[in-house]
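Source file: my_file_20.cif (mmCIF, C-alpha atoms)
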```
data_final
#
loop_
_atom_site.label_atom_id
_atom_site.label_comp_id
_atom_site.auth_asym_id
_atom_site.auth_seq_id
_atom_site.Cartn_x
_atom_site.Cartn_y
_atom_site.Cartn_z
CA MET A 1 78.74 94.08 107.72
CA THR A 2 79.83 91.44 105.25
CA PHE A 3 81.74 92.17 102.06
CA PRO A 4 81.54 89.66 99.22
CA TYR A 5 85.08 90.10 97.88
CA LYS A 6 88.46 89.50 99.53
CA LEU A 7 90.36 92.00 97.37
CA VAL A 8 89.54 95.47 96.03
CA ALA A 9 91.97 96.56 93.30
CA THR A 10 91.95 100.23 92.33
CA ASP A 11 93.80 102.20 89.71
CA LEU A 12 94.98 105.64 90.89
CA ASP A 13 94.74 108.40 88.28
CA GLY A 14 91.22 108.98 87.01
CA THR A 15 89.88 106.31 89.37
CA LEU A 16 90.80 106.51 93.06
CA LEU A 17 92.29 110.00 92.76
CA ARG A 18 90.22 113.06 91.90
CA GLU A 19 91.58 115.56 89.41
CA ASP A 20 93.26 117.52 92.23
CA GLY A 21 95.20 114.38 93.22
CA THR A 22 93.25 113.70 96.42
CA VAL A 23 90.98 110.88 97.59
CA SER A 24 87.56 112.03 98.78
CA PRO A 25 86.56 111.50 102.43
CA ARG A 26 83.62 109.36 101.31
CA THR A 27 85.88 107.04 99.31
CA ARG A 28 88.38 106.83 102.18
CA GLU A 29 85.53 105.85 104.53
CA ALA A 30 84.22 103.21 102.10
CA LEU A 31 87.67 101.66 101.73
CA ALA A 32 88.14 101.70 105.51
CA ALA A 33 84.80 99.92 105.94
CA VAL A 34 85.79 97.31 103.35
CA THR A 35 89.11 96.58 105.05
CA ALA A 36 87.38 96.48 108.45
CA ALA A 37 85.09 93.82 106.94
CA GLY A 38 88.15 91.70 106.14
CA ALA A 39 88.99 92.56 102.53
CA ALA A 40 92.33 93.90 101.33
CA HIS A 41 92.69 97.05 99.23
CA ILE A 42 95.47 97.05 96.66
CA VAL A 43 96.52 99.94 94.42
CA VAL A 44 97.33 98.90 90.85
CA THR A 45 98.82 101.77 88.87
CA GLY A 46 100.75 102.54 85.74
CA ARG A 47 102.93 104.89 87.78
CA ALA A 48 106.32 103.54 88.76
CA ALA A 49 106.96 103.25 92.50
CA PRO A 50 108.79 106.61 92.87
CA TRP A 51 105.72 108.34 91.39
CA THR A 52 103.37 106.39 93.66
CA ARG A 53 104.93 106.24 97.11
CA HIS A 54 104.07 109.81 98.19
CA ILE A 55 100.39 109.21 97.36
CA LEU A 56 100.33 105.98 99.35
CA ASP A 57 102.11 107.64 102.28
CA ASP A 58 99.50 110.41 102.28
CA LEU A 59 96.71 107.80 102.34
CA GLY A 60 98.33 106.01 105.26
CA TYR A 61 98.45 102.97 102.96
CA ASP A 62 100.86 100.30 104.21
CA GLY A 63 99.97 97.27 102.08
CA LEU A 64 101.21 96.03 98.72
CA ALA A 65 100.90 98.13 95.56
CA VAL A 66 101.35 97.08 91.95
CA CYS A 67 103.26 99.82 90.12
CA GLY A 68 104.74 100.44 86.68
CA GLN A 69 101.94 98.66 84.74
CA GLY A 70 102.63 95.48 86.71
CA ALA A 71 106.44 95.64 86.58
CA GLN A 72 106.81 96.35 90.29
CA VAL A 73 105.25 94.95 93.45
CA TYR A 74 105.93 97.57 96.12
CA HIS A 75 105.51 97.17 99.89
CA ALA A 76 104.27 100.59 100.96
CA GLY A 77 104.62 99.96 104.69
CA GLU A 78 108.27 98.92 104.35
CA HIS A 79 109.09 101.30 101.47
CA ARG A 80 110.73 98.56 99.43
CA LEU A 81 110.33 96.83 96.10
CA LEU A 82 109.50 93.13 96.31
CA THR A 83 109.72 92.52 92.56
CA SER A 84 110.80 94.64 89.61
CA LEU A 85 110.84 93.67 85.95
CA THR A 86 112.90 95.66 83.44
CA LEU A 87 112.50 96.28 79.72
CA ASP A 88 115.21 94.85 77.47
CA ARG A 89 116.79 98.03 76.14
CA GLN A 90 118.09 96.43 72.93
CA LEU A 91 114.63 95.09 72.16
CA ALA A 92 113.08 98.48 72.97
CA GLY A 93 115.52 100.18 70.60
CA LEU A 94 114.62 97.76 67.82
CA ALA A 95 110.89 98.32 68.44
CA LEU A 96 111.34 102.09 68.34
CA SER A 97 113.22 101.90 65.04
CA LYS A 98 110.36 99.90 63.53
CA ILE A 99 107.76 102.38 64.81
CA GLU A 100 109.75 105.38 63.53
CA ALA A 101 110.19 103.69 60.15
CA GLU A 102 106.38 103.73 59.88
CA LEU A 103 105.49 106.99 61.64
CA GLY A 104 108.56 109.23 61.53
CA PRO A 105 110.49 110.59 64.53
CA LEU A 106 109.06 110.19 68.03
CA ALA A 107 109.75 112.13 71.22
CA LEU A 108 110.86 109.80 74.01
CA ALA A 109 111.02 109.56 77.77
CA VAL A 110 112.03 106.65 80.00
CA SER A 111 111.25 105.44 83.50
CA ARG A 112 114.38 104.12 85.20
CA ASP A 113 114.16 101.06 87.39
CA GLY A 114 114.36 101.15 91.17
CA LEU A 115 112.69 102.81 94.10
CA ASP A 116 114.42 106.10 93.29
CA GLY A 117 114.33 105.67 89.52
CA GLN A 118 114.01 108.96 87.67
CA VAL A 119 111.94 109.76 84.63
CA LEU A 120 114.25 111.13 81.93
CA THR A 121 112.83 113.03 78.98
CA GLY A 122 114.47 113.46 75.61
CA PRO A 123 114.26 116.42 73.23
CA GLY A 124 110.69 117.45 72.37
CA TYR A 125 108.94 115.29 74.95
CA ARG A 126 106.07 117.19 76.61
CA VAL A 127 105.72 116.48 80.32
CA LYS A 128 102.51 116.79 82.31
CA ASP A 129 102.69 118.55 85.65
CA GLU A 130 103.61 115.66 87.96
CA PRO A 131 104.74 115.51 91.59
CA VAL A 132 107.96 113.69 90.70
CA PRO A 133 109.93 115.98 88.40
CA ALA A 134 111.21 114.60 85.15
CA VAL A 135 114.86 115.21 84.31
CA PHE A 136 115.66 116.51 80.84
CA ALA A 137 118.40 114.67 78.95
CA ASP A 138 119.71 116.81 76.10
CA ASP A 139 121.75 113.84 74.85
CA PRO A 140 119.25 111.12 73.76
CA ALA A 141 121.90 108.45 74.42
CA GLU A 142 121.61 109.19 78.14
CA LEU A 143 118.10 107.68 78.15
CA TRP A 144 119.62 104.23 77.60
CA THR A 145 122.43 104.19 80.18
CA ALA A 146 120.54 102.50 83.07
CA PRO A 147 117.92 99.73 83.46
CA LEU A 148 114.38 100.81 82.51
CA ASN A 149 110.83 99.73 83.34
CA LYS A 150 109.21 101.44 80.36
CA VAL A 151 109.63 103.89 77.48
CA TYR A 152 107.12 106.69 76.80
CA ILE A 153 106.48 107.80 73.23
CA GLN A 154 104.87 110.89 71.71
CA HIS A 155 104.16 111.79 68.09
CA PRO A 156 103.93 115.38 66.80
CA GLU A 157 100.58 114.79 65.08
CA LEU A 158 98.90 111.51 66.08
CA ASP A 159 96.65 111.41 69.13
CA ASP A 160 97.12 108.79 71.86
CA ASP A 161 94.77 106.17 70.45
CA ALA A 162 96.09 106.47 66.91
CA LEU A 163 99.72 106.38 68.08
CA ALA A 164 99.13 103.31 70.26
CA ALA A 165 97.33 101.46 67.46
CA ALA A 166 99.95 102.32 64.83
CA ALA A 167 102.82 101.43 67.16
CA ARG A 168 101.18 98.10 67.99
CA ARG A 169 100.92 97.27 64.29
CA ALA A 170 104.56 98.22 63.67
CA VAL A 171 106.27 96.28 66.46
CA GLY A 172 104.48 92.97 66.09
CA SER A 173 105.40 90.88 69.12
CA LEU A 174 108.60 92.60 70.25
CA VAL A 175 107.09 94.66 73.07
CA ASP A 176 103.66 95.56 74.38
CA ILE A 177 102.14 99.01 73.76
CA VAL A 178 99.59 100.53 76.13
CA MET A 179 97.69 103.78 76.37
CA ALA A 180 97.74 104.58 80.08
CA GLY A 181 96.26 108.07 80.23
CA PRO A 182 96.06 111.37 78.37
CA GLY A 183 99.37 111.87 76.58
CA VAL A 184 100.78 108.61 77.96
CA VAL A 185 101.62 105.86 75.45
CA GLU A 186 104.13 103.31 76.72
CA LEU A 187 106.40 100.50 75.55
CA LEU A 188 106.49 97.62 78.05
CA PRO A 189 108.10 94.19 78.27
CA LEU A 190 106.12 91.70 76.20
CA GLY A 191 103.41 90.01 78.25
CA LEU A 192 103.57 92.50 81.11
CA SER A 193 100.30 94.00 82.29
CA LYS A 194 98.50 95.10 85.41
CA ALA A 195 97.05 91.58 85.51
CA THR A 196 100.46 89.91 85.78
CA GLY A 197 101.53 92.23 88.61
CA LEU A 198 98.18 91.92 90.37
CA SER A 199 98.25 88.12 90.19
CA LEU A 200 101.70 88.12 91.81
CA ALA A 201 100.57 90.44 94.60
CA ALA A 202 97.33 88.50 95.11
CA ARG A 203 99.28 85.27 95.48
CA ARG A 204 101.32 86.88 98.26
CA LEU A 205 98.05 87.88 99.94
CA GLY A 206 96.53 84.42 99.47
CA VAL A 207 93.69 85.82 97.36
CA LYS A 208 92.38 84.58 94.00
CA ALA A 209 91.02 86.33 90.93
CA ALA A 210 87.54 85.02 91.74
CA ASP A 211 87.67 87.00 95.01
CA THR A 212 88.58 90.32 93.35
CA VAL A 213 86.67 93.43 92.28
CA ALA A 214 88.68 95.92 90.21
CA PHE A 215 88.20 99.60 89.34
CA GLY A 216 89.84 101.50 86.47
CA ASP A 217 89.50 104.10 83.73
CA MET A 218 91.99 103.46 80.89
CA PRO A 219 92.83 100.79 78.29
CA ASN A 220 95.79 99.65 80.41
CA ASP A 221 93.18 98.42 82.93
CA ILE A 222 91.66 95.96 80.42
CA PRO A 223 93.94 93.03 81.44
CA MET A 224 93.13 93.67 85.10
CA PHE A 225 89.41 93.51 84.31
CA GLY A 226 90.02 90.27 82.44
CA TRP A 227 91.73 88.79 85.51
CA ALA A 228 89.34 89.97 88.23
CA ARG A 229 85.90 88.49 88.83
CA HIS A 230 84.20 91.89 88.46
CA GLY A 231 85.51 94.95 86.61
CA VAL A 232 84.05 98.40 87.29
CA ALA A 233 84.79 101.28 84.90
CA MET A 234 84.45 104.89 85.99
CA ALA A 235 82.01 107.17 84.15
CA ASN A 236 85.04 109.09 82.89
CA ALA A 237 86.67 105.88 81.56
CA HIS A 238 87.96 105.33 78.04
CA ASP A 239 85.39 103.70 75.74
CA GLU A 240 87.64 100.65 75.24
CA LEU A 241 87.52 99.90 78.96
CA LYS A 242 83.79 100.55 79.28
CA ALA A 243 83.24 98.03 76.48
CA VAL A 244 84.73 95.19 78.57
CA ALA A 245 83.56 96.34 82.02
CA ASP A 246 80.96 94.40 84.00
CA GLU A 247 79.64 97.67 85.42
CA VAL A 248 80.05 101.43 84.96
CA THR A 249 79.92 103.61 88.06
CA ALA A 250 80.04 107.37 88.62
CA SER A 251 83.20 109.35 87.83
CA ASN A 252 86.29 109.71 90.00
CA GLU A 253 85.01 113.20 90.87
CA ASP A 254 81.66 111.80 92.03
CA ASP A 255 82.76 109.02 94.40
CA GLY A 256 82.30 106.23 91.85
CA ILE A 257 84.32 103.72 93.89
CA ALA A 258 82.49 104.55 97.12
CA LEU A 259 79.08 104.09 95.48
CA VAL A 260 79.90 100.53 94.43
CA LEU A 261 81.62 99.57 97.70
CA GLU A 262 78.76 100.97 99.80
CA GLU A 263 76.25 98.92 97.80
CA LEU A 264 78.34 95.75 98.16
CA LEU A 265 78.62 96.30 101.91
CA ARG A 266 74.90 96.91 102.14
CA THR A 267 73.86 93.82 100.18
CA GLY A 268 76.76 91.50 100.99
CA THR A 269 76.30 89.99 97.54
CA ALA A 270 78.88 89.78 94.76
CA HIS A 271 77.82 90.96 91.32
#
```
Just dump the structure as structure tokens.
Amino acid sequence: MTFPYKLVATDLDGTLLREDGTVSPRTREALAAVTAAGAAHIVVTGRAAPWTRHILDDLGYDGLAVCGQGAQVYHAGEHRLLTSLTLDRQLAGLALSKIEAELGPLALAVSRDGLDGQVLTGPGYRVKDEPVPAVFADDPAELWTAPLNKVYIQHPELDDDALAAAARRAVGSLVDIVMAGPGVVELLPLGLSKATGLSLAARRLGVKAADTVAFGDMPNDIPMFGWARHGVAMANAHDELKAVADEVTASNEDDGIALVLEELLRTGTAH
């Protein structure tokens, strides 16, 4: 079997992972067939490395992973960070003050840098049920006492899309704002995206954008689709991502990734 791409980049949540946090046997088999045909599979996720490593270990994944919206290149086989970019905390504080001046008080959480970096939540921040427990900081000042990869924001009334759009308007070019999933709006270092992290990892693998097919489901995957030759949105994807996708496949619950990979293996022709 021939496979027309050298790199398959997949988001995790809502894309590779089903709602129960597992990868289907069919998708595992398709990815195994792709790697047997000579392509590399790389995970590109908004999750920081501590929130990703257990998933990769369960998959038996030992390659590179792009974590933290591109901030971290993580070697899963060696359990170590190869690169890690942090958010300037003074700049983040200034951006937050500008957003709050427009929208009123926000609830905050932060992702600390490093392979064992914790997620700290401030007063009022609602946490989804995640495998890596968040640590509550009753003193908001504690959120800022160690290097960070990102800051999470929540608003008492605005939904994710409205909050992300309003925050983007308020901060100008101080930081980047992304909507990464339900209830997940993030402040990132300016210019950082999944595309920047993926390009770094691809360079280490000796692979180019023109050799890459990418799968995703959220607006934070838009830069990755812009970088890769072919971007595939899941049926459950956000409308903003579907609008820029080259193709829409079935949902993460219905083996959307496997359907595309199986077709590419069968035809041997890039889209």
May I ask for the distance between atom CA of Leu17 of chain A and atom CA of Ile222 of chain A, given in Å to one decimal place?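 Atom CA of Ile222 of chain A lies 18.7 Å from atom CA of Leu17 of chain A.
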Distance of atom CA of Lys194 of chain A from atom CA of His41 of chain A, expressed in Å to one decimal place: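 Computing it gives 15.1 Å between the two atoms.
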I'd like the contact shell of Leu59 of chain A - 10 Å cut-off, all atoms listed in the file, skipping same-chain residues fewer than 4 positions apart - returned as a tab-separated table (two decimals) with C-alpha atoms, in the frame of the given file.
```tsv
chain	number	residue	atom	x	y	z
A	22	THR	CA	93.25	113.70	96.42
A	23	VAL	CA	90.98	110.88	97.59
A	28	ARG	CA	88.38	106.83	102.18
A	53	ARG	CA	104.93	106.24	97.11
A	54	HIS	CA	104.07	109.81	98.19
A	55	ILE	CA	100.39	109.21	97.36
```
Closest atom pairs, residues of segment 171-208 of chain A within 8 Å of segment 88-101 of chain A, only C-alpha atoms, as a Markdown table:
```
| residue | atom | partner | partner_atom | distance |
| --- | --- | --- | --- | --- |
| A:Val171 | CA | A:Ala95 | CA | 5.4 |
| A:Leu174 | CA | A:Ala95 | CA | 6.4 |
| A:Val175 | CA | A:Ala95 | CA | 7.0 |
| A:Leu187 | CA | A:Ala92 | CA | 7.4 |
| A:Pro189 | CA | A:Asp88 | CA | 7.2 |
```
Of the residues A:Leu56, A:Leu85, A:Ala250, A:Met234, which is the one nearest to Gly191 of chain A, using only C-alpha atoms?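 Closest to Gly191 of chain A of all the choices is A:Leu85.
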Name the residues, using the chain letters and numbers of the file, that sit within 10 Å of (104.0, 106.8, 87.3) when counting only C-alpha atoms, and give them as JSON, numbers by chain. {"A": [12, 13, 45, 46, 47, 48, 49, 50, 51, 52, 53, 67, 68, 69, 111, 119, 130, 131, 132, 180]}
Picked residues, the PyMOL selection byres ((chain A and resi 70) around 12), as an MDAnalysis selection string: chainID A and resid 11 43:49 65:69 71:74 83:86 149:150 188:201 220:221 223:224
For atom CA of Ala210 of chain A and atom CA of Arg26 of chain A, the interatomic separation in Å (one decimal): 26.4 Å
Hey, what's within 7 Å of Leu108 of chain A if we count only C-alpha atoms and toss same-chain stuff fewer than 6 positions away? As a PDB file with C-alpha atoms, keeping the file's coordinate frame, please?
```
ATOM      1  CA  THR A 121     112.830 113.030  78.980  1.00  0.00           C
ATOM      2  CA  GLY A 122     114.470 113.460  75.610  1.00  0.00           C
ATOM      3  CA  TYR A 125     108.940 115.290  74.950  1.00  0.00           C
ATOM      4  CA  VAL A 151     109.630 103.890  77.480  1.00  0.00           C
ATOM      5  CA  TYR A 152     107.120 106.690  76.800  1.00  0.00           C
ATOM      6  CA  ILE A 153     106.480 107.800  73.230  1.00  0.00           C
ATOM      7  CA  GLN A 154     104.870 110.890  71.710  1.00  0.00           C
TER       8      GLN A 154
END
```
Where does the PyMOL selection byres ((chain A and resi 239-241) around 8) land in this file, that is, which residues does it pick, as a ChimeraX atom specification? /A:217-219,221-222,233,237-238,242-245
Output C-alpha atoms for every residue in that selection, as a PDB file, in the frame of the given file.
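The resulting file, out_7.pdb, is reproduced below:
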```pdb
ATOM      1  CA  ASP A 217      89.500 104.100  83.730  1.00  0.00           C
ATOM      2  CA  MET A 218      91.990 103.460  80.890  1.00  0.00           C
ATOM      3  CA  PRO A 219      92.830 100.790  78.290  1.00  0.00           C
ATOM      4  CA  ASP A 221      93.180  98.420  82.930  1.00  0.00           C
ATOM      5  CA  ILE A 222      91.660  95.960  80.420  1.00  0.00           C
ATOM      6  CA  ALA A 233      84.790 101.280  84.900  1.00  0.00           C
ATOM      7  CA  ALA A 237      86.670 105.880  81.560  1.00  0.00           C
ATOM      8  CA  HIS A 238      87.960 105.330  78.040  1.00  0.00           C
ATOM      9  CA  LYS A 242      83.790 100.550  79.280  1.00  0.00           C
ATOM     10  CA  ALA A 243      83.240  98.030  76.480  1.00  0.00           C
ATOM     11  CA  VAL A 244      84.730  95.190  78.570  1.00  0.00           C
ATOM     12  CA  ALA A 245      83.560  96.340  82.020  1.00  0.00           C
TER      13      ALA A 245
END
```
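Closest to Gly63 of chain A among A:Ala107, A:Ala166, A:Pro4, A:Ala202 is A:Ala202, based on only C-alpha atoms.
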Hits from the PyMOL selection byres ((chain A and resi 160-163) around 9), listed as a PyMOL selection string: chain A and resi 103+153-155+157-159+164-168+179+181-185
Between A:Ala32, A:Leu106, A:Ile257, A:Leu205, which is the closest to Lys6 of chain A once you count all atoms listed in the file? A:Leu205
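Using only C-alpha atoms, the nearest neighbour of Phe136 of chain A within the list A:Ala109, A:Pro156, A:Leu81, A:Trp227 is A:Ala109.
With distances restricted to only C-alpha atoms, A:Ala170 is the closest residue to Glu102 of chain A from A:Leu115, A:Leu148, A:Leu120, A:Ala170.
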The residues within 7 Å of (82.4, 94.6, 106.5), using only C-alpha atoms and the coordinates of the file, should be reported as a VMD selection string; which are they? chain A and resid 1 to 3 33 to 34 36 to 38 265
If I wrap all listed atoms of segment 7-13 of chain A in a box with edges along x, y and z and add 6 Å on each side, what are its centre and edge lengths in Å to one decimal, as JSON?
```
{"center_x": 92.3, "center_y": 100.2, "center_z": 92.8, "size_x": 17.4, "size_y": 28.4, "size_z": 21.1}
```
Return segment 140-167 of chain A, completed with N, CA and C atoms, as a short mmCIF file (atom, residue, chain, number, x, y, z; two decimals), in the frame of the given file.
```
data_model
loop_
_atom_site.label_atom_id
_atom_site.label_comp_id
_atom_site.auth_asym_id
_atom_site.auth_seq_id
_atom_site.Cartn_x
_atom_site.Cartn_y
_atom_site.Cartn_z
N PRO A 140 120.18 112.27 73.77
CA PRO A 140 119.25 111.12 73.76
C PRO A 140 119.90 109.81 74.21
N ALA A 141 121.21 109.69 74.02
CA ALA A 141 121.90 108.45 74.42
C ALA A 141 121.81 108.22 75.92
N GLU A 142 121.66 109.30 76.68
CA GLU A 142 121.61 109.19 78.14
C GLU A 142 120.38 108.41 78.60
N LEU A 143 119.32 108.39 77.78
CA LEU A 143 118.10 107.68 78.15
C LEU A 143 118.35 106.18 78.32
N TRP A 144 119.41 105.68 77.69
CA TRP A 144 119.62 104.23 77.60
C TRP A 144 120.75 103.73 78.49
N THR A 145 121.24 104.55 79.42
CA THR A 145 122.43 104.19 80.18
C THR A 145 122.16 103.46 81.49
N ALA A 146 120.88 103.22 81.84
CA ALA A 146 120.54 102.50 83.07
C ALA A 146 119.31 101.65 82.82
N PRO A 147 119.10 100.59 83.64
CA PRO A 147 117.92 99.73 83.46
C PRO A 147 116.61 100.51 83.51
N LEU A 148 115.65 100.10 82.66
CA LEU A 148 114.38 100.81 82.51
C LEU A 148 113.21 99.88 82.78
N ASN A 149 112.09 100.46 83.24
CA ASN A 149 110.83 99.73 83.34
C ASN A 149 109.98 99.94 82.10
N LYS A 150 110.08 101.14 81.50
CA LYS A 150 109.21 101.44 80.36
C LYS A 150 109.79 102.60 79.57
N VAL A 151 109.29 102.75 78.33
CA VAL A 151 109.63 103.89 77.48
C VAL A 151 108.32 104.57 77.10
N TYR A 152 108.28 105.90 77.21
CA TYR A 152 107.12 106.69 76.80
C TYR A 152 107.38 107.25 75.41
N ILE A 153 106.33 107.25 74.58
CA ILE A 153 106.48 107.80 73.23
C ILE A 153 105.42 108.85 72.96
N GLN A 154 105.80 109.86 72.18
CA GLN A 154 104.87 110.89 71.71
C GLN A 154 105.14 111.14 70.23
N HIS A 155 104.07 111.48 69.51
CA HIS A 155 104.16 111.79 68.09
C HIS A 155 103.68 113.22 67.89
N PRO A 156 104.31 113.97 66.97
CA PRO A 156 103.93 115.38 66.80
C PRO A 156 102.51 115.60 66.29
N GLU A 157 101.91 114.59 65.67
CA GLU A 157 100.58 114.79 65.08
C GLU A 157 99.52 113.79 65.56
N LEU A 158 99.89 112.54 65.73
CA LEU A 158 98.90 111.51 66.08
C LEU A 158 98.43 111.65 67.52
N ASP A 159 97.13 111.41 67.75
CA ASP A 159 96.65 111.41 69.13
C ASP A 159 97.00 110.07 69.79
N ASP A 160 96.68 109.95 71.08
CA ASP A 160 97.12 108.79 71.86
C ASP A 160 96.62 107.48 71.27
N ASP A 161 95.34 107.41 70.95
CA ASP A 161 94.77 106.17 70.45
C ASP A 161 95.38 105.78 69.11
N ALA A 162 95.53 106.76 68.24
CA ALA A 162 96.09 106.47 66.91
C ALA A 162 97.56 106.06 67.02
N LEU A 163 98.30 106.72 67.90
CA LEU A 163 99.72 106.38 68.08
C LEU A 163 99.85 104.96 68.65
N ALA A 164 99.05 104.64 69.66
CA ALA A 164 99.13 103.31 70.26
C ALA A 164 98.79 102.23 69.24
N ALA A 165 97.75 102.46 68.46
CA ALA A 165 97.33 101.46 67.46
C ALA A 165 98.40 101.28 66.38
N ALA A 166 98.94 102.39 65.89
CA ALA A 166 99.95 102.32 64.83
C ALA A 166 101.23 101.68 65.35
N ALA A 167 101.62 102.01 66.57
CA ALA A 167 102.82 101.43 67.16
C ALA A 167 102.65 99.92 67.35
#
```
